[in-house]
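coords.tsv (TSV, C-alpha atoms) appears below.
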```
chain	number	residue	atom	x	y	z
A	1	MET	CA	131.33	97.48	117.21
A	2	THR	CA	132.61	96.23	120.54
A	3	LYS	CA	131.83	92.99	122.25
A	4	SER	CA	129.98	94.70	125.08
A	5	ALA	CA	127.73	96.34	122.51
A	6	ASN	CA	127.02	92.87	121.22
A	7	LEU	CA	125.96	91.72	124.61
A	8	THR	CA	123.94	94.82	125.39
A	9	ASN	CA	122.14	94.19	122.16
A	10	GLN	CA	120.58	91.06	123.55
A	11	HIS	CA	119.04	92.87	126.47
A	12	THR	CA	117.63	95.84	124.67
A	13	VAL	CA	114.26	96.34	123.08
A	14	TRP	CA	115.38	97.60	119.71
A	15	HIS	CA	114.05	100.94	118.70
A	16	GLU	CA	111.67	100.74	115.76
A	17	PRO	CA	111.87	103.85	113.64
A	18	THR	CA	108.70	104.15	111.68
A	19	ILE	CA	108.09	105.92	108.44
A	20	THR	CA	104.46	106.98	108.38
A	21	ARG	CA	101.89	107.50	105.65
A	22	LYS	CA	102.46	111.24	106.05
A	23	ASP	CA	106.16	110.79	105.29
A	24	ARG	CA	105.36	108.72	102.21
A	25	GLU	CA	102.77	111.21	100.99
A	26	ALA	CA	105.28	114.03	101.42
A	27	LEU	CA	107.89	112.13	99.41
A	28	ASN	CA	105.29	111.44	96.69
A	29	LYS	CA	103.97	115.00	96.73
A	30	GLN	CA	100.37	113.84	96.88
A	31	ARG	CA	97.64	112.90	99.30
A	32	SER	CA	96.92	109.20	98.91
A	33	CYS	CA	93.35	108.00	98.49
A	34	ILE	CA	91.14	105.29	97.02
A	35	LEU	CA	89.13	106.06	93.91
A	36	TRP	CA	86.50	103.33	94.06
A	37	PHE	CA	84.96	102.93	90.59
A	38	THR	CA	81.60	101.17	90.62
A	39	GLY	CA	79.04	100.50	87.91
A	40	LEU	CA	77.66	97.89	85.55
A	41	SER	CA	79.86	95.67	83.42
A	42	GLY	CA	80.75	97.79	80.41
A	43	ALA	CA	80.13	101.10	82.17
A	44	GLY	CA	83.78	102.04	81.77
A	45	LYS	CA	85.25	101.43	85.24
A	46	SER	CA	88.44	99.74	84.12
A	47	THR	CA	88.87	102.07	81.13
A	48	LEU	CA	88.54	105.15	83.33
A	49	ALA	CA	90.73	103.76	86.12
A	50	HIS	CA	93.57	103.03	83.69
A	51	ALA	CA	93.12	106.29	81.79
A	52	LEU	CA	93.19	108.17	85.08
A	53	GLU	CA	96.32	106.33	86.12
A	54	ASP	CA	97.88	107.27	82.79
A	55	ARG	CA	97.09	110.95	83.34
A	56	LEU	CA	98.21	110.96	86.98
A	57	HIS	CA	101.43	109.10	86.19
A	58	LYS	CA	102.29	111.76	83.61
A	59	LEU	CA	101.78	114.32	86.37
A	60	GLY	CA	104.41	112.43	88.40
A	61	LYS	CA	101.89	110.91	90.80
A	62	ARG	CA	102.29	107.43	92.33
A	63	THR	CA	99.36	105.25	91.36
A	64	TYR	CA	98.04	101.71	91.12
A	65	VAL	CA	94.92	100.06	89.71
A	66	LEU	CA	93.35	97.05	91.40
A	67	ASP	CA	91.10	95.20	88.98
A	68	GLY	CA	89.88	91.73	88.08
A	69	ASP	CA	93.13	90.95	86.27
A	70	ASN	CA	95.41	91.33	89.25
A	71	ILE	CA	92.98	90.43	92.07
A	72	ARG	CA	90.81	87.56	90.93
A	73	LYS	CA	93.82	85.63	89.60
A	74	GLY	CA	95.88	86.30	92.69
A	75	LEU	CA	94.77	87.32	96.17
A	76	CYS	CA	91.18	86.18	95.61
A	77	ASN	CA	91.77	83.09	93.48
A	78	ASP	CA	90.22	81.00	96.24
A	79	LEU	CA	86.90	82.83	95.95
A	80	GLY	CA	83.93	82.09	93.68
A	81	PHE	CA	80.86	84.16	92.92
A	82	SER	CA	78.48	83.25	95.74
A	83	ASP	CA	77.11	86.20	97.71
A	84	GLU	CA	79.46	85.30	100.55
A	85	ASP	CA	82.49	85.09	98.29
A	86	ARG	CA	81.62	88.35	96.50
A	87	THR	CA	81.44	90.11	99.84
A	88	GLU	CA	84.77	88.63	100.94
A	89	ASN	CA	86.26	89.63	97.57
A	90	ILE	CA	85.27	93.26	98.09
A	91	ARG	CA	86.43	93.20	101.72
A	92	ARG	CA	89.91	92.01	100.69
A	93	ILE	CA	90.11	94.60	97.91
A	94	GLY	CA	89.21	97.25	100.47
A	95	GLU	CA	91.91	96.00	102.83
A	96	VAL	CA	94.56	95.98	100.09
A	97	ALA	CA	93.50	99.47	98.98
A	98	LYS	CA	93.85	100.58	102.59
A	99	LEU	CA	97.41	99.22	102.72
A	100	MET	CA	98.20	101.01	99.47
A	101	ILE	CA	97.00	104.38	100.71
A	102	ASP	CA	99.10	103.80	103.82
A	103	ALA	CA	101.96	103.23	101.36
A	104	GLY	CA	101.29	106.72	99.99
A	105	ILE	CA	99.71	105.66	96.72
A	106	ILE	CA	96.64	106.91	94.87
A	107	VAL	CA	94.85	103.62	94.26
A	108	MET	CA	91.99	102.99	91.88
A	109	THR	CA	89.72	99.97	92.15
A	110	ALA	CA	87.65	98.81	89.18
A	111	PHE	CA	85.04	96.27	90.25
A	112	ILE	CA	81.30	96.17	89.66
A	113	SER	CA	80.85	96.04	93.45
A	114	PRO	CA	77.07	96.03	93.03
A	115	PHE	CA	76.03	96.06	96.68
A	116	ARG	CA	75.83	99.23	98.75
A	117	ASN	CA	76.66	97.41	101.91
A	118	ASP	CA	79.90	95.94	100.51
A	119	ARG	CA	81.02	99.35	99.27
A	120	GLN	CA	80.19	100.81	102.66
A	121	VAL	CA	82.38	98.18	104.31
A	122	ALA	CA	85.29	99.25	102.09
A	123	ARG	CA	84.58	102.93	102.83
A	124	ASP	CA	84.45	102.32	106.56
A	125	LEU	CA	87.93	100.79	106.55
A	126	VAL	CA	89.51	104.17	105.95
A	127	LYS	CA	89.26	107.74	107.15
A	128	ASP	CA	86.93	110.43	105.86
A	129	GLY	CA	88.32	111.79	102.64
A	130	ASP	CA	90.33	108.67	101.89
A	131	PHE	CA	87.51	107.05	99.93
A	132	ILE	CA	86.20	108.59	96.73
A	133	GLU	CA	83.29	106.65	95.25
A	134	VAL	CA	83.16	107.12	91.48
A	135	PHE	CA	79.86	105.98	90.03
A	136	CYS	CA	80.26	105.13	86.34
A	137	ASP	CA	76.71	105.87	85.38
A	138	ALA	CA	75.70	104.29	82.08
A	139	PRO	CA	72.24	102.82	81.44
A	140	LEU	CA	71.98	99.06	81.14
A	141	ASP	CA	71.00	99.25	77.46
A	142	VAL	CA	74.16	101.20	76.63
A	143	CYS	CA	76.37	98.74	78.52
A	144	GLU	CA	74.59	95.79	76.95
A	145	HIS	CA	74.92	97.31	73.50
A	146	ARG	CA	78.66	97.81	74.01
A	147	ASP	CA	79.05	94.28	75.43
A	148	VAL	CA	82.81	94.60	75.17
A	149	LYS	CA	83.49	91.15	76.56
A	150	GLY	CA	80.38	89.43	75.18
A	151	LEU	CA	79.20	88.81	78.72
A	152	TYR	CA	75.70	90.26	78.34
A	153	LYS	CA	75.02	87.95	75.42
A	154	LYS	CA	76.08	84.98	77.52
A	155	ALA	CA	74.07	86.24	80.49
A	156	ARG	CA	70.94	86.64	78.34
A	157	ALA	CA	71.50	83.10	77.08
A	158	GLY	CA	71.52	81.95	80.68
A	159	GLU	CA	75.15	80.92	80.51
A	160	ILE	CA	76.21	83.24	83.35
A	161	PRO	CA	74.10	82.96	86.50
A	162	GLU	CA	73.59	86.03	88.67
A	163	PHE	CA	74.94	88.53	86.18
A	164	THR	CA	74.68	92.08	87.48
A	165	GLY	CA	71.95	94.06	85.73
A	166	ILE	CA	70.40	90.94	84.16
A	167	SER	CA	69.83	88.37	86.84
A	168	SER	CA	71.34	90.09	89.86
A	169	PRO	CA	70.74	93.65	91.09
A	170	TYR	CA	73.03	96.66	90.85
A	171	GLU	CA	72.48	99.01	93.77
A	172	GLU	CA	73.34	102.51	92.58
A	173	PRO	CA	75.35	104.69	94.95
A	174	LEU	CA	73.06	107.10	96.80
A	175	ASP	CA	75.66	109.76	97.47
A	176	PRO	CA	78.88	109.09	95.53
A	177	GLU	CA	81.66	111.67	95.57
A	178	LEU	CA	81.65	111.59	91.77
A	179	MET	CA	78.99	110.58	89.27
A	180	ILE	CA	80.35	110.21	85.75
A	181	ASP	CA	78.04	109.98	82.76
A	182	THR	CA	80.10	107.48	80.80
A	183	ALA	CA	77.37	106.98	78.23
A	184	ARG	CA	77.67	110.54	76.96
A	185	LEU	CA	81.11	111.83	77.85
A	186	SER	CA	84.38	110.94	76.15
A	187	VAL	CA	87.10	109.27	78.20
A	188	ASP	CA	89.07	112.51	78.23
A	189	GLU	CA	86.08	114.46	79.51
A	190	CYS	CA	85.51	111.89	82.24
A	191	ILE	CA	89.14	112.08	83.31
A	192	ASP	CA	89.07	115.88	83.23
A	193	SER	CA	86.22	115.94	85.71
A	194	ILE	CA	87.93	113.47	88.05
A	195	ILE	CA	91.21	115.40	87.91
A	196	GLU	CA	89.31	118.60	88.60
A	197	TYR	CA	87.82	117.01	91.72
A	198	LEU	CA	91.23	115.73	92.90
A	199	GLU	CA	92.77	119.16	92.39
A	200	LYS	CA	89.94	120.98	94.11
A	201	LYS	CA	90.22	118.67	97.12
A	202	ALA	CA	94.02	119.05	97.21
A	203	TYR	CA	94.88	115.37	96.63
A	204	LEU	CA	97.46	116.37	94.03
A	205	ASP	CA	99.12	119.01	96.15
A	206	SER	CA	102.86	119.05	96.28
A	207	GLU	CA	102.89	119.25	100.07
B	1	MET	CA	83.05	117.14	72.03
B	2	THR	CA	80.44	116.64	69.34
B	3	LYS	CA	77.31	114.62	69.54
B	4	SER	CA	78.56	112.14	66.98
B	5	ALA	CA	81.55	111.51	69.22
B	6	ASN	CA	79.09	110.75	71.99
B	7	LEU	CA	77.36	108.19	69.87
B	8	THR	CA	80.53	106.66	68.51
B	9	ASN	CA	81.57	106.25	72.08
B	10	GLN	CA	78.92	103.64	72.67
B	11	HIS	CA	80.13	101.39	69.90
B	12	THR	CA	83.82	101.50	70.57
B	13	VAL	CA	85.97	99.30	72.74
B	14	TRP	CA	87.67	102.00	74.75
B	15	HIS	CA	91.40	102.01	74.60
B	16	GLU	CA	92.99	101.12	77.91
B	17	PRO	CA	96.30	102.89	78.35
B	18	THR	CA	98.30	100.98	80.85
B	19	ILE	CA	101.05	102.20	83.06
B	20	THR	CA	103.33	99.27	83.77
B	21	ARG	CA	105.55	98.28	86.64
B	22	LYS	CA	108.50	99.43	84.55
B	23	ASP	CA	106.98	102.91	84.27
B	24	ARG	CA	106.39	103.06	88.01
B	25	GLU	CA	109.91	101.84	88.78
B	26	ALA	CA	111.33	104.49	86.46
B	27	LEU	CA	109.32	107.21	88.19
B	28	ASN	CA	110.48	105.93	91.58
B	29	LYS	CA	114.09	105.54	90.45
B	30	GLN	CA	114.35	102.05	91.91
B	31	ARG	CA	113.79	98.42	91.10
B	32	SER	CA	110.93	97.13	93.21
B	33	CYS	CA	111.31	93.91	95.15
B	34	ILE	CA	110.18	91.99	98.22
B	35	LEU	CA	112.53	91.72	101.18
B	36	TRP	CA	111.08	88.73	103.00
B	37	PHE	CA	112.33	88.75	106.60
B	38	THR	CA	112.02	85.40	108.33
B	39	GLY	CA	113.19	84.14	111.71
B	40	LEU	CA	112.12	83.35	115.24
B	41	SER	CA	110.02	85.68	117.35
B	42	GLY	CA	112.47	88.22	118.75
B	43	ALA	CA	115.08	87.66	116.02
B	44	GLY	CA	114.66	91.25	114.85
B	45	LYS	CA	112.53	90.93	111.71
B	46	SER	CA	110.24	93.85	112.40
B	47	THR	CA	113.02	96.00	113.83
B	48	LEU	CA	115.18	95.46	110.77
B	49	ALA	CA	112.31	95.91	108.31
B	50	HIS	CA	111.37	99.26	109.83
B	51	ALA	CA	114.97	100.38	110.21
B	52	LEU	CA	115.59	99.47	106.57
B	53	GLU	CA	112.50	101.39	105.50
B	54	ASP	CA	113.78	104.37	107.48
B	55	ARG	CA	117.14	104.24	105.70
B	56	LEU	CA	115.62	103.69	102.25
B	57	HIS	CA	113.05	106.46	102.72
B	58	LYS	CA	115.84	108.89	103.53
B	59	LEU	CA	117.45	107.85	100.24
B	60	GLY	CA	114.22	108.88	98.52
B	61	LYS	CA	113.07	105.32	97.88
B	62	ARG	CA	109.40	104.24	97.93
B	63	THR	CA	108.86	101.59	100.57
B	64	TYR	CA	106.30	99.76	102.66
B	65	VAL	CA	106.42	97.25	105.53
B	66	LEU	CA	103.84	94.49	105.83
B	67	ASP	CA	103.76	93.12	109.35
B	68	GLY	CA	101.44	91.69	111.95
B	69	ASP	CA	100.11	95.11	112.84
B	70	ASN	CA	98.69	95.95	109.43
B	71	ILE	CA	97.95	92.43	108.15
B	72	ARG	CA	96.57	90.38	111.01
B	73	LYS	CA	94.17	93.15	112.04
B	74	GLY	CA	93.05	93.80	108.48
B	75	LEU	CA	93.30	91.57	105.43
B	76	CYS	CA	93.79	88.42	107.49
B	77	ASN	CA	91.50	89.16	110.41
B	78	ASP	CA	89.39	86.14	109.41
B	79	LEU	CA	92.32	83.76	109.90
B	80	GLY	CA	93.43	81.95	113.03
B	81	PHE	CA	96.59	80.02	113.77
B	82	SER	CA	95.83	76.53	112.49
B	83	ASP	CA	98.32	75.14	109.97
B	84	GLU	CA	95.82	75.81	107.20
B	85	ASP	CA	95.21	79.39	108.29
B	86	ARG	CA	98.92	80.09	108.72
B	87	THR	CA	99.55	78.92	105.19
B	88	GLU	CA	96.68	81.06	103.84
B	89	ASN	CA	98.03	84.00	105.85
B	90	ILE	CA	101.43	83.72	104.18
B	91	ARG	CA	99.84	83.21	100.75
B	92	ARG	CA	97.84	86.44	101.07
B	93	ILE	CA	100.89	88.35	102.29
B	94	GLY	CA	102.76	87.06	99.25
B	95	GLU	CA	99.95	88.17	96.95
B	96	VAL	CA	99.81	91.65	98.49
B	97	ALA	CA	103.59	91.96	98.30
B	98	LYS	CA	103.35	90.98	94.63
B	99	LEU	CA	100.80	93.76	94.00
B	100	MET	CA	103.08	96.22	95.79
B	101	ILE	CA	106.11	95.39	93.68
B	102	ASP	CA	103.88	95.78	90.63
B	103	ALA	CA	103.08	99.21	92.08
B	104	GLY	CA	106.80	99.98	92.00
B	105	ILE	CA	107.45	99.74	95.71
B	106	ILE	CA	110.24	98.10	97.71
B	107	VAL	CA	108.19	96.05	100.15
B	108	MET	CA	109.41	94.41	103.33
B	109	THR	CA	107.51	91.62	105.07
B	110	ALA	CA	108.14	90.81	108.71
B	111	PHE	CA	106.54	87.50	109.68
B	112	ILE	CA	108.01	84.44	111.37
B	113	SER	CA	106.91	82.41	108.31
B	114	PRO	CA	108.42	79.25	109.84
B	115	PHE	CA	107.71	76.80	107.03
B	116	ARG	CA	109.95	76.46	103.98
B	117	ASN	CA	107.09	75.44	101.79
B	118	ASP	CA	105.04	78.56	102.60
B	119	ARG	CA	108.00	80.83	101.89
B	120	GLN	CA	108.56	78.99	98.64
B	121	VAL	CA	104.92	79.63	97.67
B	122	ALA	CA	105.47	83.36	98.23
B	123	ARG	CA	108.75	83.24	96.27
B	124	ASP	CA	107.13	81.42	93.37
B	125	LEU	CA	104.49	84.15	92.96
B	126	VAL	CA	107.08	86.54	91.58
B	127	LYS	CA	109.94	86.59	89.11
B	128	ASP	CA	113.56	85.69	89.78
B	129	GLY	CA	115.23	88.58	91.54
B	130	ASP	CA	111.95	89.97	92.89
B	131	PHE	CA	112.18	87.96	96.10
B	132	ILE	CA	114.99	88.50	98.59
B	133	GLU	CA	114.80	86.15	101.55
B	134	VAL	CA	116.41	87.71	104.62
B	135	PHE	CA	117.06	85.17	107.35
B	136	CYS	CA	117.27	86.90	110.73
B	137	ASP	CA	119.54	84.36	112.31
B	138	ALA	CA	119.52	84.50	116.09
B	139	PRO	CA	119.69	81.42	118.32
B	140	LEU	CA	116.59	80.48	120.24
B	141	ASP	CA	118.24	81.21	123.60
B	142	VAL	CA	119.05	84.77	122.52
B	143	CYS	CA	115.49	85.37	121.28
B	144	GLU	CA	114.04	83.82	124.40
B	145	HIS	CA	116.32	85.89	126.60
B	146	ARG	CA	115.21	89.08	124.82
B	147	ASP	CA	111.53	88.04	124.96
B	148	VAL	CA	110.51	91.53	123.91
B	149	LYS	CA	106.80	90.77	123.97
B	150	GLY	CA	106.86	88.25	126.84
B	151	LEU	CA	105.66	85.57	124.45
B	152	TYR	CA	108.35	82.98	125.22
B	153	LYS	CA	107.46	83.11	128.89
B	154	LYS	CA	103.83	82.48	128.03
B	155	ALA	CA	104.77	79.73	125.59
B	156	ARG	CA	106.93	77.99	128.20
B	157	ALA	CA	104.00	78.23	130.60
B	158	GLY	CA	101.86	76.47	128.01
B	159	GLU	CA	99.69	79.54	127.49
B	160	ILE	CA	100.47	79.76	123.76
B	161	PRO	CA	100.03	76.51	121.84
B	162	GLU	CA	102.25	75.83	118.81
B	163	PHE	CA	104.71	78.61	119.50
B	164	THR	CA	107.53	78.62	116.96
B	165	GLY	CA	110.81	77.40	118.45
B	166	ILE	CA	109.13	76.03	121.58
B	167	SER	CA	106.26	73.80	120.54
B	168	SER	CA	106.28	74.24	116.78
B	169	PRO	CA	109.26	73.98	114.42
B	170	TYR	CA	111.12	76.77	112.64
B	171	GLU	CA	112.50	75.57	109.33
B	172	GLU	CA	115.63	77.61	108.61
B	173	PRO	CA	116.09	78.84	105.05
B	174	LEU	CA	118.49	76.58	103.14
B	175	ASP	CA	119.66	79.18	100.65
B	176	PRO	CA	118.50	82.68	101.63
B	177	GLU	CA	119.71	85.68	99.65
B	178	LEU	CA	120.79	87.25	102.94
B	179	MET	CA	121.66	85.75	106.30
B	180	ILE	CA	121.91	88.36	109.06
B	181	ASP	CA	123.46	87.53	112.40
B	182	THR	CA	121.12	89.63	114.51
B	183	ALA	CA	122.48	88.19	117.76
B	184	ARG	CA	125.88	89.76	117.22
B	185	LEU	CA	125.47	92.72	114.87
B	186	SER	CA	124.01	96.10	115.72
B	187	VAL	CA	120.92	97.25	113.85
B	188	ASP	CA	123.01	99.71	111.84
B	189	GLU	CA	125.44	96.96	110.86
B	190	CYS	CA	122.55	94.73	109.78
B	191	ILE	CA	121.04	97.51	107.67
B	192	ASP	CA	124.44	98.33	106.15
B	193	SER	CA	124.79	94.79	104.88
B	194	ILE	CA	121.28	94.76	103.40
B	195	ILE	CA	121.82	98.13	101.70
B	196	GLU	CA	125.13	96.86	100.33
B	197	TYR	CA	123.31	93.88	98.81
B	198	LEU	CA	120.58	96.09	97.30
B	199	GLU	CA	123.17	98.43	95.82
B	200	LYS	CA	125.29	95.61	94.44
B	201	LYS	CA	122.25	94.09	92.77
B	202	ALA	CA	121.14	97.47	91.38
B	203	TYR	CA	117.77	97.66	93.16
B	204	LEU	CA	118.51	101.25	94.16
B	205	ASP	CA	119.58	102.39	90.73
B	206	SER	CA	118.15	105.59	89.45
B	207	GLU	CA	117.16	104.07	86.12
```
Output the file's structure in the form of C-alpha cells.
Amino acid sequence: MTKSANLTNQHTVWHEPTITRKDREALNKQRSCILWFTGLSGAGKSTLAHALEDRLHKLGKRTYVLDGDNIRKGLCNDLGFSDEDRTENIRRIGEVAKLMIDAGIIVMTAFISPFRNDRQVARDLVKDGDFIEVFCDAPLDVCEHRDVKGLYKKARAGEIPEFTGISSPYEEPLDPELMIDTARLSVDECIDSIIEYLEKKAYLDSE
Amino acid sequence: MTKSANLTNQHTVWHEPTITRKDREALNKQRSCILWFTGLSGAGKSTLAHALEDRLHKLGKRTYVLDGDNIRKGLCNDLGFSDEDRTENIRRIGEVAKLMIDAGIIVMTAFISPFRNDRQVARDLVKDGDFIEVFCDAPLDVCEHRDVKGLYKKARAGEIPEFTGISSPYEEPLDPELMIDTARLSVDECIDSIIEYLEKKAYLDSE
C-alpha cells in the first residue's frame, strides 16, 4: 500500500461488511431457533435437549444446549434463587439464546423456568417462529418417583426452600408449540415428535 | 414401544448423550476461539472484527461478532458505565464468548475493554490457546482525528464523563497475541495478518 493510502485511511469511515443471520443460516443449511424446554425437575428437559442435539448433530445441524451446567456456573454465577434472581437468570438465558440464533445455531435451553411471565419475556426477545416452547409434561408424582438427583427428597425434608412443585408453583404453558408426554413416551419417541415438528416447519431445510 | 417400556422409563436415569465442543469443531472444520479486539474508540475494533468475519465466512467458517450493538442493548442492558458495571459487562461478554467457543464458533469481541485486569478475567475463563488478544494499536490523535461517532468531540466538551483516552485510562496489552497497526495498515492488510496467524496456529484446519 502507498503512503497516501495510509493517510487517507485516517480520514475515512471504514466500511463495515456485515455477515447476517441469514448468511449464517444458509451456510449451516438450517433455520436457527430456540427450543425452550420447560417442566418440573425430573420431567426430562435436559435429557431431551441433549438427545435432540445428538440427533440433530448427526443430521449435520449446528446446535447448542444451554443448561444449568454451563449457565449457573458461568454467566449467572452471581445470581441466587430469589424471585428477582430467577427472573434475571431466565432473562440472561433468553438473551444468550437470542445471540445464538443470530449466530445461526439451533439452541436448546433446559431450565425449569416455572413462571409464565419469565418464559414470555424470553419469547418476546425474538421474532415469531424463533421460539419453540417445549413443555415436558410429566406429573409431579412421576418426577418425584424418578428423583434422579435426590432433590425431591431434600425438598420434602425442607432442605431446599421454594422447590418447584413442592413449595413453589410451576405454571404450565397455556399454548406451547410442543407438549411432550415424557411420563409415557420413550426418549426416542419424544425426539421423533420434535424432529417431525422441526421438519414440518422447515427449520431443517437445506436452504 | 411396549407398555413395560413405558413403566421402566419412570425408574431409569435417562442416558444423556452429549455432543462435545470437539464434535462441533469437527463438523465446522475449524478450531473455535475468541478473538478479543481491544483498543481505543476509533481504533478499528468493530471494523476489523466484521471484516474478519466476512473473510472467514467466505472460507466457510462459522463465526459471530459480539459488539456494543448486540450486547449493550440486550444481555447487558441493565448495566451502566460505572467501574463496577464495566467490569461486569466484560465478565458477561467473556462468559458468552466462552459458551460460543463451546458451541464450535470462532467468536470476535469488539469492545474497548480498557482495563488489563478485566481482559485477564475474560482470558482466564477459557483454556490456553482459546483466547487471542488483538490489540488495535492506533495513537490517540489518529483515533480522535477520525472521530467516527463524534464521541471524542463530546468527550473534550465534557459531555461524556470517563471517556477512554481522554478522561479515563486505556491500559495497553503487555503481551497480546496480535498487535495490529490500524493507523498505518489498510483493513485488508490487517485482516491478512490475522488470517495468517489463525492459519499458522491451525485454527482454520479442516480437522
Report task. Work out how far CA of Val65 (chain A) is from CA of Lys73 (chain B), in Å to one decimal. Result -> 23.4 Å
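Considering the residues B:Arg184, B:Lys29, B:Lys61, B:Lys200 and counting all atoms listed in the file, chain A has its shortest atom-to-atom contact with B:Arg184.
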Requested in this report: Enumerate, as a PyMOL selection string, the protein, DNA and RNA residues whose atoms approach (112.1, 97.6, 100.0) to within 7 Å, taking into account all atoms listed in the file and the coordinate frame of the file.
Outcome: chain B and resi 32-35+53+63-64+105-108
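Of the listed residues B:Cys136, B:Gly94, B:Ala155, B:Ala49, the one whose atoms come nearest to Asp181 (chain B) is B:Cys136, with distances taken using all atoms listed in the file.
Shortest atom-to-atom contact with chain A among B:Gln120, B:Gln30, B:Asn70, B:Asn89: B:Asn70, counting only C-alpha atoms.
In terms of minimum interatomic distance to Arg62 (chain A), B:Gly104 ranks closest within B:Gly74, B:Gly104, B:Gly44, B:Gly80, counting all atoms listed in the file.
Considering only C-alpha atoms, the residue among A:Glu177, A:Asp130, A:Asp85, A:Glu189 positioned nearest to chain B is A:Glu189.
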Report task. Find the residues near Glu95 (chain A): any atom within 9 Å, counting only C-alpha atoms, skip ones fewer than 2 places away on the same chain, and give them as an MDAnalysis selection string. Result -> (chainID A and resid 90:93 97:100 122 125) or (chainID B and resid 71 74:75)
Query raised in the report: Could you pull the residues within 9 Å of Leu40 (chain B), counting all atoms listed in the file, minus those fewer than 5 positions along the same chain, as a PyMOL selection string?
Result: chain B and resi 45+111-114+136-140+143+164-165+170
Requested in this report: Select, from B:Glu84, B:Leu27, B:Thr18, B:Lys153, the residue with the minimum atom-to-atom distance to Arg55 (chain A), counting all atoms listed in the file.
Outcome: B:Thr18
Requested in this report: Record the distance separating CA of Lys22 (chain B) and CA of Ile19 (chain A), expressed in Å with one decimal.
Outcome: 24.8 Å
Query raised in the report: Lys201 (chain A): which residues within 10 Å, counting all atoms listed in the file, same-chain residues fewer than 4 positions away excluded, as an MDAnalysis selection string?
Result: chainID A and resid 31 129 195:197 205
Query raised in the report: What is the distance, in Å and to one decimal place, between CA of Glu199 (chain B) and CA of Arg24 (chain B)?
Result: 19.1 Å
